[in-house]
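Notes follow once the structure below has been shown.
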Amino acid sequence: MVQSSILGFPRMGKLRDLKKATEAYWGDKLSREDLLAEGKRLRLEHWKIQKDAGVDIIPSNDFSYYDQVLDHIQMFGAVPERYSTHKLNTLDEYFAMGRGHQKDGVDVPSLEMVKWFDSNYHYVKPTLQDNQTFKLSDDPKAVRHFLEAKEAGITTRPVILGPVSFLHLGKADRKQNVDPITLLEKLLPVYEQLLKELKKAGAETVQIDEPVLVFDLPSKTRNAFKPAYEKLTALQGSEGPQLVLATYFGDIVHNFDVVDSALKNTYGLHVDLVRHPEQLSPVVEHLGPKQILSCGIVDGRNIWKNNMKKSIELVETAIQKLGKERVIVATSSSLLHTPHTLDNEKNLDPEVKDFFAFAVEKATEIAILAKAVTEGPASVRSELEANEKSQQSRATSKRINNPEVKKRQEQITKEMHERKSGFTSRYAQQKEHLNLPTFPTTTIGSFPQTKEIRVNRNKFTKGEITADEYEKFIEKEIKDNIAIQEELDLDVYVHGEPERNDMVQYFGERMDGYVFTTHAWVQSYGSRCVRPPIVVGDVSRPKPMTVKESKYAVSVSKKPMKGMLTGPITCLRWSFPRDDVHQSVQAQQLALALRDEVVDLEEAGVLVIQVDEPALREGLPLRSGAEREKYLSWAVDSFKLSTAGVKDSTQIHSHFCYSEFQDFFHAIAALDADVLSIENSKSDAKLLKVFIDESYPRHIGPGVYDIHSPRVPSEQEIKDRIEEMLQYLKPEQLWINPDCGLKTRGWKETKEALRNMVNAAQYFRQKHESK
């Protein structure tokens, strides 16, 4: 019998229940007990959904109140002393690490948070000390959740992050020198204890995730697998559960020597056959003589209905070589990256809705596929016929192809990717037009989205207020935002984006080729959820998207106004992209649409235009080599195509999340943006050394404080950050700005933080000018 398996399930609930409960707890509107009870309710609901769908192997310990890696940090006793010393209760200590804590005399910033591989999900980095110790918590979450499911009559397979990945994905704390992977010997006893406790609780198998196996790994990390898994697999049987090693988001062929030497003694191996189906044959050849293979054939990262005919053919290939008892049909990765259920989507066009499968529907797909390869296609004939009909309908739909878009793509020339002059010539004109001081201050774009803004947007959407009434409301918000920036004495203004819902959705709603959902939320980090647009066909811009609001903002501003756009790669990466054409084709279509918008903004008097590409690094292929260079080539070309149509005097900015870009800095430089802003407040300033090493000539604004936390940084704290930056950047290069947009923050903390930021910038300005 071929079993079915899910690697992880979305946590937020059908209607973002967990988000609402968590934020109510943070706002002192919900008790700790009630939050924990809501978490338990959701876990039981999600396990039941999977069981009712017919899934054989259901995960536990995939639920988290903030982030699964943060769960492990606390479960393994790897909490930095700056959090543990305050004797907060366990839950508040946990949230302090995730989002910072500034209350009752306790003031600590959050731990660093970065993207989970090449997804839009964020994880909290394990942050380790030179004298690091580990200790399993008294009530390990993985054991507790397994027992919780068991009590409800559901046998689950606990999911834990493997020791090598946990350490490899971590970092040394500030002013510490430890190489995390060298802590393996200290960490392994904790894993051994955890596995023993899971076995004692009744867990027969455990999914142990080692996703770093898809990377090009340094030798220390590669060498860590053998001692780690010699110890952990030795427990299988009487002392510990059977281990199913899970990898995803890439192939593991290049790490076969690691798999051969260390991992063949695991009970099973899971591989992602959605991203890399070609690895099936070599993986089968490298399995141990009794190892089972978990075939990841239902996409955990996208929303398109599974092509069951192709999936069955792929699984049958594995069955022919291994037999049915050694094959599991599974999701490619956790379904964390997909929305909860299609049942919530009452407004989707039925034709388009038939193309999709969300998490609940994917659970059913998994069960159908397992039955098809176990009992034969005839056992699920009606389901397979319906699936085939859906695949054909999508392929022939008129909503997919637009001949005019394809024609325009064919007319793109090399010259359309280049600005008229080099940076030195451009900047001379920009300096004259903009009249900016040294250490110019600005923000990344969005200002707080207040309850009033959300209420009025909702009223407009429902038709309860007219377009004219809504426009007047938005203009008032813009004017108020500008007045606040005047009061704070910022140098380059933004209009604050009160009319925008999401930085990708807003643009997608104004372009042809997209469709939108009402409840298809996906967790991005903590309680933050996004509702990615879906690219269903060729993309184009029927009319201007941001010009009206930006033109009004210019008319009521005394200083330069920055127009705000989301770049083509981010529009693509933060949507659910098509899977029937290459992403480079979709990015180029988006670039052409944005090029028209950039030119229209310039003509409207907007002389600073920011085209954000926070997802550029996220899209980087996980391994170096030809695939990565191909991606960077078309990604850079897409950005340049969108921005190169303006005059030299117009200043082009771009924003990037995270400053870990040393390995593709040549591509960042090739974008030819006049000013870069980067999320940098929780990274060491020494990461900026690459700008010296590469003789980067243009301007840069490394974020001086973290916007993911409600915590307000002091003026001195920001001064210290700027002082660090000046060790690596020239004063005339440096812009002063927050890490990212301020949409999720409140006005009180926003004003206080920006005031401290402006004061710090003015201090350095005066200091520089007095020399």
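Labeling convention for the structure tokens: chains A, B, ... as they appear, residues from 1 per chain, ligands from 1 in order of appearance.
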Quick check for you: according to DSSP on this backbone, which residues of range 513-686 of chain A are classed as helix (DSSP H, G or I)? Reply as a ChimeraX atom specification.
/A:547-555,568-573,583-603,626-643,662-670,685-686
Can you pull out every residue within 8 Å of Ala152 in chain A, counting only C-alpha atoms, but drop anything in the same chain fewer than 3 positions away, and send it as JSON, numbers by chain?
{"A": [44, 148, 149]}
Saved selection, atoms kept: C-alpha atoms, as a compact mmCIF listing (two decimals), in the first residue's frame:
```txt
# COMPACT_ATOMS: atom_id res chain seq x y z
CA LEU A 44 -7.36 19.78 16.57
CA GLU A 148 -2.58 16.17 22.32
CA ALA A 149 -3.37 14.61 18.94
```
Closest to Ser540 in chain A among A:Arg222, A:His655, A:Lys406, A:Lys264, using only C-alpha atoms?
A:Lys406
Shell around range 433-436 of chain A at 8 Å using only C-alpha atoms, local window under 6 positions removed, as an MDAnalysis selection string
chainID A and resid 491 560 607 649
Nearby residues (only C-alpha atoms) at most 7 Å from range 591-597 of chain A, same-chain spacing under 3 positions excluded, as an mmCIF file with N, CA, C and O atoms, in the first residue's frame:
```cif
data_model
loop_
_atom_site.group_PDB
_atom_site.id
_atom_site.type_symbol
_atom_site.label_atom_id
_atom_site.label_comp_id
_atom_site.auth_asym_id
_atom_site.auth_seq_id
_atom_site.Cartn_x
_atom_site.Cartn_y
_atom_site.Cartn_z
ATOM 1 N N SER A 540 -0.548 43.032 -18.341
ATOM 2 C CA SER A 540 -0.394 44.358 -18.947
ATOM 3 C C SER A 540 -1.061 45.402 -18.065
ATOM 4 O O SER A 540 -1.872 45.066 -17.190
ATOM 5 N N ARG A 541 -0.732 46.681 -18.291
ATOM 6 C CA ARG A 541 -1.292 47.794 -17.524
ATOM 7 C C ARG A 541 -2.274 48.568 -18.400
ATOM 8 O O ARG A 541 -1.864 49.259 -19.331
ATOM 9 N N PRO A 544 -2.818 54.242 -15.904
ATOM 10 C CA PRO A 544 -1.950 54.564 -14.763
ATOM 11 C C PRO A 544 -2.512 54.044 -13.438
ATOM 12 O O PRO A 544 -3.731 54.006 -13.239
ATOM 13 N N PRO A 568 9.226 44.509 -10.680
ATOM 14 C CA PRO A 568 8.697 43.343 -11.399
ATOM 15 C C PRO A 568 9.000 42.008 -10.729
ATOM 16 O O PRO A 568 8.155 41.109 -10.734
ATOM 17 N N ALA A 587 8.101 38.131 -15.635
ATOM 18 C CA ALA A 587 8.805 39.298 -15.102
ATOM 19 C C ALA A 587 8.944 40.381 -16.161
ATOM 20 O O ALA A 587 8.810 41.574 -15.874
ATOM 21 N N GLN A 588 9.224 39.987 -17.383
ATOM 22 C CA GLN A 588 9.366 40.966 -18.462
ATOM 23 C C GLN A 588 8.042 41.667 -18.755
ATOM 24 O O GLN A 588 8.006 42.878 -19.009
ATOM 25 N N ASP A 600 5.103 57.854 -16.584
ATOM 26 C CA ASP A 600 3.942 58.694 -16.261
ATOM 27 C C ASP A 600 4.156 59.460 -14.954
ATOM 28 O O ASP A 600 3.730 60.613 -14.826
ATOM 29 N N LEU A 601 4.800 58.845 -13.981
ATOM 30 C CA LEU A 601 5.097 59.547 -12.724
ATOM 31 C C LEU A 601 6.038 60.713 -12.961
ATOM 32 O O LEU A 601 5.846 61.808 -12.415
ATOM 33 N N SER A 638 14.907 42.867 -16.044
ATOM 34 C CA SER A 638 13.521 43.257 -15.786
ATOM 35 C C SER A 638 13.460 44.558 -14.999
ATOM 36 O O SER A 638 12.674 45.459 -15.319
ATOM 37 N N PHE A 639 14.304 44.675 -13.960
ATOM 38 C CA PHE A 639 14.338 45.911 -13.181
ATOM 39 C C PHE A 639 14.756 47.094 -14.055
ATOM 40 O O PHE A 639 14.126 48.159 -14.036
ATOM 41 N N LEU A 641 14.624 47.425 -17.286
ATOM 42 C CA LEU A 641 13.595 47.722 -18.278
ATOM 43 C C LEU A 641 12.497 48.583 -17.668
ATOM 44 O O LEU A 641 11.964 49.488 -18.325
ATOM 45 N N SER A 642 12.190 48.346 -16.404
ATOM 46 C CA SER A 642 11.118 49.109 -15.759
ATOM 47 C C SER A 642 11.544 50.524 -15.381
ATOM 48 O O SER A 642 10.700 51.420 -15.273
ATOM 49 N N THR A 643 12.841 50.785 -15.195
ATOM 50 C CA THR A 643 13.293 52.080 -14.655
ATOM 51 C C THR A 643 14.066 52.951 -15.626
ATOM 52 O O THR A 643 14.289 54.133 -15.351
ATOM 53 N N GLY A 645 13.543 54.317 -18.504
ATOM 54 C CA GLY A 645 12.900 55.222 -19.460
ATOM 55 C C GLY A 645 12.847 56.670 -19.039
ATOM 56 O O GLY A 645 12.265 57.503 -19.749
#
```
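Residues surrounding Arg623 in chain A within 7 Å are Phe215, Asp216 and Arg628 of chain A [only C-alpha atoms; sequence separation below 3 positions excluded].
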Non-local contacts of Gln762 in chain A (10 Å; only C-alpha atoms; under 5 positions in same chain excluded) as a PyMOL selection string
chain A and resi 437-441+489+756-757+767-768
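Counting from CA of Leu213 in chain A, the distance to CA of Pro59 in chain A is 21.1 Å.
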For range 554-558 of chain A, list every protein, DNA or RNA residue within 9 Å, evaluated using only C-alpha atoms, and leave out those in the same chain fewer than 6 positions away; present the list as a list in words.
Lys479, Ile482, Ala483, Glu486, Tyr493, His495, Ala604, Gly605 and Val606 of chain A
Write a file of the just-selected residues containing N, CA, C and O atoms, as a PDB file, in the first residue's frame.
```pdb
ATOM      1  N   LYS A 479      -2.408  64.386   2.861  1.00  0.00           N
ATOM      2  CA  LYS A 479      -2.050  65.714   3.363  1.00  0.00           C
ATOM      3  C   LYS A 479      -1.592  65.635   4.814  1.00  0.00           C
ATOM      4  O   LYS A 479      -0.612  66.293   5.207  1.00  0.00           O
ATOM      5  N   ILE A 482       1.921  64.195   4.974  1.00  0.00           N
ATOM      6  CA  ILE A 482       2.935  65.181   4.581  1.00  0.00           C
ATOM      7  C   ILE A 482       3.170  66.183   5.710  1.00  0.00           C
ATOM      8  O   ILE A 482       4.316  66.568   5.995  1.00  0.00           O
ATOM      9  N   ALA A 483       2.095  66.575   6.405  1.00  0.00           N
ATOM     10  CA  ALA A 483       2.237  67.509   7.529  1.00  0.00           C
ATOM     11  C   ALA A 483       3.100  66.893   8.630  1.00  0.00           C
ATOM     12  O   ALA A 483       3.924  67.582   9.250  1.00  0.00           O
ATOM     13  N   GLU A 486       6.669  67.077   7.517  1.00  0.00           N
ATOM     14  CA  GLU A 486       7.164  68.452   7.662  1.00  0.00           C
ATOM     15  C   GLU A 486       7.534  68.735   9.114  1.00  0.00           C
ATOM     16  O   GLU A 486       8.573  69.318   9.412  1.00  0.00           O
ATOM     17  N   TYR A 493      10.001  63.181   1.070  1.00  0.00           N
ATOM     18  CA  TYR A 493       8.720  62.728   1.585  1.00  0.00           C
ATOM     19  C   TYR A 493       8.191  61.511   0.818  1.00  0.00           C
ATOM     20  O   TYR A 493       8.606  61.224  -0.305  1.00  0.00           O
ATOM     21  N   HIS A 495       4.079  59.714   0.203  1.00  0.00           N
ATOM     22  CA  HIS A 495       2.671  60.068   0.445  1.00  0.00           C
ATOM     23  C   HIS A 495       2.026  59.128   1.453  1.00  0.00           C
ATOM     24  O   HIS A 495       0.924  59.379   1.931  1.00  0.00           O
ATOM     25  N   ALA A 604       4.357  63.590 -14.318  1.00  0.00           N
ATOM     26  CA  ALA A 604       3.472  64.216 -13.337  1.00  0.00           C
ATOM     27  C   ALA A 604       4.240  65.046 -12.308  1.00  0.00           C
ATOM     28  O   ALA A 604       3.646  65.588 -11.375  1.00  0.00           O
ATOM     29  N   GLY A 605       5.572  65.143 -12.448  1.00  0.00           N
ATOM     30  CA  GLY A 605       6.367  65.974 -11.561  1.00  0.00           C
ATOM     31  C   GLY A 605       6.996  65.245 -10.394  1.00  0.00           C
ATOM     32  O   GLY A 605       7.518  65.864  -9.463  1.00  0.00           O
ATOM     33  N   VAL A 606       6.979  63.920 -10.418  1.00  0.00           N
ATOM     34  CA  VAL A 606       7.612  63.129  -9.361  1.00  0.00           C
ATOM     35  C   VAL A 606       9.061  62.875  -9.778  1.00  0.00           C
ATOM     36  O   VAL A 606       9.315  62.128 -10.726  1.00  0.00           O
TER      37      VAL A 606
END
```
Proximity to Ser332 in chain A - best of A:Ser633, A:Asn307, A:Gln430, A:Thr247, only C-alpha atoms:
A:Thr247
Separation of CA of Glu418 in chain A from CA of Asp118 in chain A, in Å and rounded to one decimal:
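These atoms are spaced 28.4 Å apart.
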From the set A:Gly202, A:Ser334, A:Val69, A:Ala78, which residue has the shortest atom-to-atom contact distance to Ala172 in chain A, counting only C-alpha atoms?
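Using only C-alpha atoms, the shortest distance to Ala172 in chain A belongs to A:Ala78.
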In Å, with one decimal, what is the gap from CA of Arg573 in chain A to CA of Tyr525 in chain A?
16.2 Å
Given only C-alpha atoms as the counted atoms, nearest of A:Arg698, A:Arg326, A:His417, A:Lys682 to Gln291 in chain A:
A:Arg326
Find the residues of range 596-671 of chain A that sit at most 10 Å from range 733-741 of chain A; for each, write down the nearest two atoms and how far apart they are in Å, to one decimal. Count only C-alpha atoms. Sort by chain, then by number going up, and give it as a tab-separated table.
```
residue	atom	partner	partner_atom	distance
A:Pro614	CA	A:Cys740	CA	9.5
A:His655	CA	A:Cys740	CA	8.1
A:Phe656	CA	A:Cys740	CA	8.5
A:Cys657	CA	A:Cys740	CA	7.5
A:Tyr658	CA	A:Asp739	CA	8.8
```
Under the rule that only C-alpha atoms are counted, which of A:Asp107, A:Glu603, A:Glu618, A:Asp648 is the nearest residue to Thr424 in chain A?
A:Asp648
Smallest atom-to-atom distance to Tyr696 in chain A: which of A:Gly526, A:Lys743, A:Phe423, A:Asn89, using only C-alpha atoms?
A:Phe423
